[in-house]
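Reading through the structure tokens given below for one structure.
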Amino acid sequence: MRMIRWGVIAGCVVGGGGVMVWRLASFTGGSVGKLEELPDLLGRLQKPIRWSVPEDGGVRYLRFFHGYPEEGRKFVLVRVHMEARLKIGYPVVPRCFELVTDDGTRYYPKSRSPMFTRLGNRFHLDRDDTIDEELLFEIPEEARAERLTFERYHEPDD
């Protein structure tokens with residue numbers, strides 16, 4: 001009985017794989033060239049935005065940036081390189097970014113960050129758009145920037 005069960009499962013897997021190849025071929029119009037592009041498309045779907053902070057000079061601590069920070073605080077300027085691998089269906093807003101400090105506290109960038117003064121406080125990315133801009137954060141004087149996160153921001157419903 002166990003052998004029959006394994007035989008049925010193996011047949012489903014093999015049959016399902018054949019169905020999947022047939023579906024992919026029909027989806028691409030039978031074109032071998034389009035099938036060869038499929039791994040790139042899958043990679044783009046899995047990671048629609050590539051972004052990084054340069055290791056050398058990507059993070060700078062400042063005491064002045066078009067003004068002074070509040071008492072007991074400092075500015076952190078973070079250079080971000082972003083590449084949209086697909087058209088992004090949501091806006092990029094300041095709340096998409098968070099700077100996490102060494103104590104685990106999270107900070108949003110200032111709306112007067114160079115990225116948002118140049119591109120606006122709400123912008124969209126199309127496929128192959130690239131951005132090399134800076135974000136401005138204000139954190140406590142004793143804190144150190146540990147990492148930067150980027151996620152889609154869902155605005156609360158009113």
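Please note that chains go A, B, ... in the order of the structure tokens, that every chain numbers its residues from 1, and that ligands are numbered from 1 in the order shown.
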
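Every protein, DNA or RNA residue with an atom at most 9 Å from A:Phe123, where only C-alpha atoms count and chain neighbours fewer than 5 positions away do not, is listed here: Tyr90, Pro91, Val92, Val93 and Phe116 of chain A.
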
Q | Spatial neighbours of stretch 60-69 of chain A, 10 Å, only C-alpha atoms, chain gap at least 4 places, as a list in words | A |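 Selected residues are Asp56, Arg73, Lys74, Phe75, Val76, Leu77, Val78, Arg79, Arg112, Ser113, Leu136, Phe137, Glu138, Ile139, Pro140, Glu141, Arg144 and Ala145 of chain A.
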
Restricting it to all heavy atoms, dump the selection as a compact mmCIF listing (two decimals), in the first residue's frame.
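Below is the file that was written, again07.txt:
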```txt
# COMPACT_ATOMS: atom_id res chain seq x y z
N ASP A 56 31.53 52.98 2.36
CA ASP A 56 32.45 54.10 2.61
C ASP A 56 31.70 55.42 2.43
O ASP A 56 31.31 55.78 1.33
CB ASP A 56 33.63 54.06 1.63
CG ASP A 56 34.51 52.84 1.84
OD1 ASP A 56 34.38 52.20 2.90
OD2 ASP A 56 35.32 52.52 0.95
N ARG A 73 20.74 66.17 20.59
CA ARG A 73 20.54 65.31 19.41
C ARG A 73 21.55 65.67 18.34
O ARG A 73 22.22 66.69 18.40
CB ARG A 73 19.11 65.48 18.91
CG ARG A 73 18.10 65.01 19.97
CD ARG A 73 16.69 65.25 19.58
NE ARG A 73 16.15 64.33 18.60
CZ ARG A 73 15.66 63.13 18.87
NH1 ARG A 73 15.68 62.68 20.10
NH2 ARG A 73 15.15 62.38 17.94
N LYS A 74 21.65 64.80 17.33
CA LYS A 74 22.55 65.03 16.20
C LYS A 74 21.85 64.56 14.93
O LYS A 74 20.87 63.81 14.98
CB LYS A 74 23.87 64.28 16.38
CG LYS A 74 23.71 62.76 16.42
CD LYS A 74 25.02 62.08 16.70
CE LYS A 74 24.82 60.59 16.91
NZ LYS A 74 26.03 59.92 17.34
N PHE A 75 22.36 65.04 13.81
CA PHE A 75 21.84 64.61 12.51
C PHE A 75 22.64 63.43 12.00
O PHE A 75 23.84 63.32 12.24
CB PHE A 75 21.93 65.74 11.48
CG PHE A 75 20.96 66.86 11.70
CD1 PHE A 75 21.42 68.17 11.76
CD2 PHE A 75 19.60 66.62 11.84
CE1 PHE A 75 20.53 69.21 11.94
CE2 PHE A 75 18.71 67.66 12.03
CZ PHE A 75 19.18 68.96 12.09
N VAL A 76 21.96 62.55 11.27
CA VAL A 76 22.61 61.45 10.56
C VAL A 76 22.15 61.55 9.11
O VAL A 76 20.95 61.57 8.83
CB VAL A 76 22.20 60.07 11.14
CG1 VAL A 76 22.89 58.96 10.36
CG2 VAL A 76 22.52 59.98 12.61
N LEU A 77 23.09 61.65 8.21
CA LEU A 77 22.81 61.72 6.78
C LEU A 77 23.20 60.38 6.16
O LEU A 77 24.35 59.95 6.27
CB LEU A 77 23.60 62.86 6.14
CG LEU A 77 23.16 63.36 4.78
CD1 LEU A 77 21.74 63.91 4.84
CD2 LEU A 77 24.11 64.42 4.27
N VAL A 78 22.23 59.69 5.55
CA VAL A 78 22.46 58.36 5.00
C VAL A 78 22.25 58.40 3.49
O VAL A 78 21.18 58.79 3.02
CB VAL A 78 21.49 57.32 5.63
CG1 VAL A 78 21.74 55.93 5.04
CG2 VAL A 78 21.62 57.30 7.14
N ARG A 79 23.29 58.01 2.73
CA ARG A 79 23.18 57.94 1.27
C ARG A 79 22.57 56.59 0.90
O ARG A 79 23.02 55.55 1.36
CB ARG A 79 24.54 58.09 0.60
CG ARG A 79 24.45 57.94 -0.92
CD ARG A 79 25.65 58.45 -1.65
NE ARG A 79 25.79 59.88 -1.63
CZ ARG A 79 25.07 60.74 -2.34
NH1 ARG A 79 24.11 60.30 -3.12
NH2 ARG A 79 25.30 62.03 -2.28
N ARG A 112 12.51 67.09 5.24
CA ARG A 112 13.44 67.98 4.54
C ARG A 112 14.72 67.27 4.12
O ARG A 112 15.72 67.89 3.79
CB ARG A 112 13.74 69.21 5.37
CG ARG A 112 14.44 68.93 6.68
CD ARG A 112 14.58 70.21 7.48
NE ARG A 112 15.12 69.97 8.79
CZ ARG A 112 16.33 70.34 9.17
NH1 ARG A 112 17.12 70.97 8.33
NH2 ARG A 112 16.74 70.09 10.38
N SER A 113 14.68 65.94 4.11
CA SER A 113 15.80 65.15 3.59
C SER A 113 16.04 65.52 2.13
O SER A 113 15.09 65.79 1.39
CB SER A 113 15.48 63.65 3.67
OG SER A 113 15.36 63.22 4.99
N LEU A 136 17.87 62.31 5.78
CA LEU A 136 18.30 63.00 6.99
C LEU A 136 17.49 62.51 8.18
O LEU A 136 16.25 62.52 8.13
CB LEU A 136 18.13 64.51 6.82
CG LEU A 136 18.54 65.36 8.01
CD1 LEU A 136 20.06 65.30 8.22
CD2 LEU A 136 18.08 66.81 7.81
N PHE A 137 18.18 62.08 9.23
CA PHE A 137 17.55 61.62 10.46
C PHE A 137 18.07 62.46 11.62
O PHE A 137 19.18 62.99 11.55
CB PHE A 137 17.88 60.15 10.73
CG PHE A 137 17.38 59.21 9.69
CD1 PHE A 137 18.14 58.91 8.56
CD2 PHE A 137 16.14 58.60 9.81
CE1 PHE A 137 17.68 58.04 7.60
CE2 PHE A 137 15.67 57.72 8.85
CZ PHE A 137 16.44 57.44 7.74
N GLU A 138 17.30 62.54 12.68
CA GLU A 138 17.74 63.21 13.90
C GLU A 138 17.60 62.21 15.04
O GLU A 138 16.52 61.70 15.31
CB GLU A 138 16.87 64.44 14.17
CG GLU A 138 17.39 65.30 15.29
CD GLU A 138 16.61 66.60 15.45
OE1 GLU A 138 16.02 67.07 14.45
OE2 GLU A 138 16.58 67.11 16.57
N ILE A 139 18.75 61.91 15.68
CA ILE A 139 18.78 60.90 16.74
C ILE A 139 19.49 61.47 17.97
O ILE A 139 20.16 62.50 17.88
CB ILE A 139 19.47 59.60 16.26
CG1 ILE A 139 20.94 59.84 15.94
CG2 ILE A 139 18.75 59.02 15.05
CD1 ILE A 139 21.73 58.57 15.63
N PRO A 140 19.35 60.80 19.13
CA PRO A 140 20.07 61.27 20.33
C PRO A 140 21.58 61.29 20.11
O PRO A 140 22.13 60.48 19.36
CB PRO A 140 19.68 60.24 21.40
CG PRO A 140 18.39 59.67 20.94
CD PRO A 140 18.47 59.68 19.44
N GLU A 141 22.23 62.21 20.78
CA GLU A 141 23.67 62.43 20.63
C GLU A 141 24.49 61.16 20.88
O GLU A 141 25.45 60.88 20.17
CB GLU A 141 24.12 63.53 21.61
CG GLU A 141 25.55 63.95 21.47
CD GLU A 141 25.86 64.69 20.18
OE1 GLU A 141 25.05 65.53 19.77
OE2 GLU A 141 26.91 64.42 19.58
N ARG A 144 24.03 55.48 17.98
CA ARG A 144 24.75 55.18 16.74
C ARG A 144 23.79 54.50 15.79
O ARG A 144 23.00 53.65 16.19
CB ARG A 144 25.93 54.23 17.00
CG ARG A 144 26.96 54.69 17.98
CD ARG A 144 27.96 55.67 17.48
NE ARG A 144 28.60 55.23 16.25
CZ ARG A 144 29.23 56.06 15.43
NH1 ARG A 144 29.29 57.33 15.71
NH2 ARG A 144 29.78 55.62 14.34
N ALA A 145 23.87 54.87 14.53
CA ALA A 145 23.03 54.24 13.50
C ALA A 145 23.52 52.82 13.29
O ALA A 145 24.71 52.58 13.12
CB ALA A 145 23.11 55.03 12.20
```

Q) In terms of the shortest atom-to-atom distance over only C-alpha atoms, which of A:Glu151, A:Glu55, A:Asp129, A:Glu71 is closest to A:Pro94? A)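 Answer, going by the shortest atom-to-atom distance: A:Glu151.
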
Q. Counting only C-alpha atoms, which of A:Gly72, A:Gly89, A:Gly58, A:Gly104 gets nearest to A:Glu146?
A.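 Result for the nearest residue to A:Glu146: A:Gly104.
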
Q. Which of these residues is nearest to A:Asp126, using only C-alpha atoms: A:Leu148, A:Leu86, A:Ile49, A:Val59?
A.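 Looking at the shortest contact to A:Asp126, the residue is A:Leu86.
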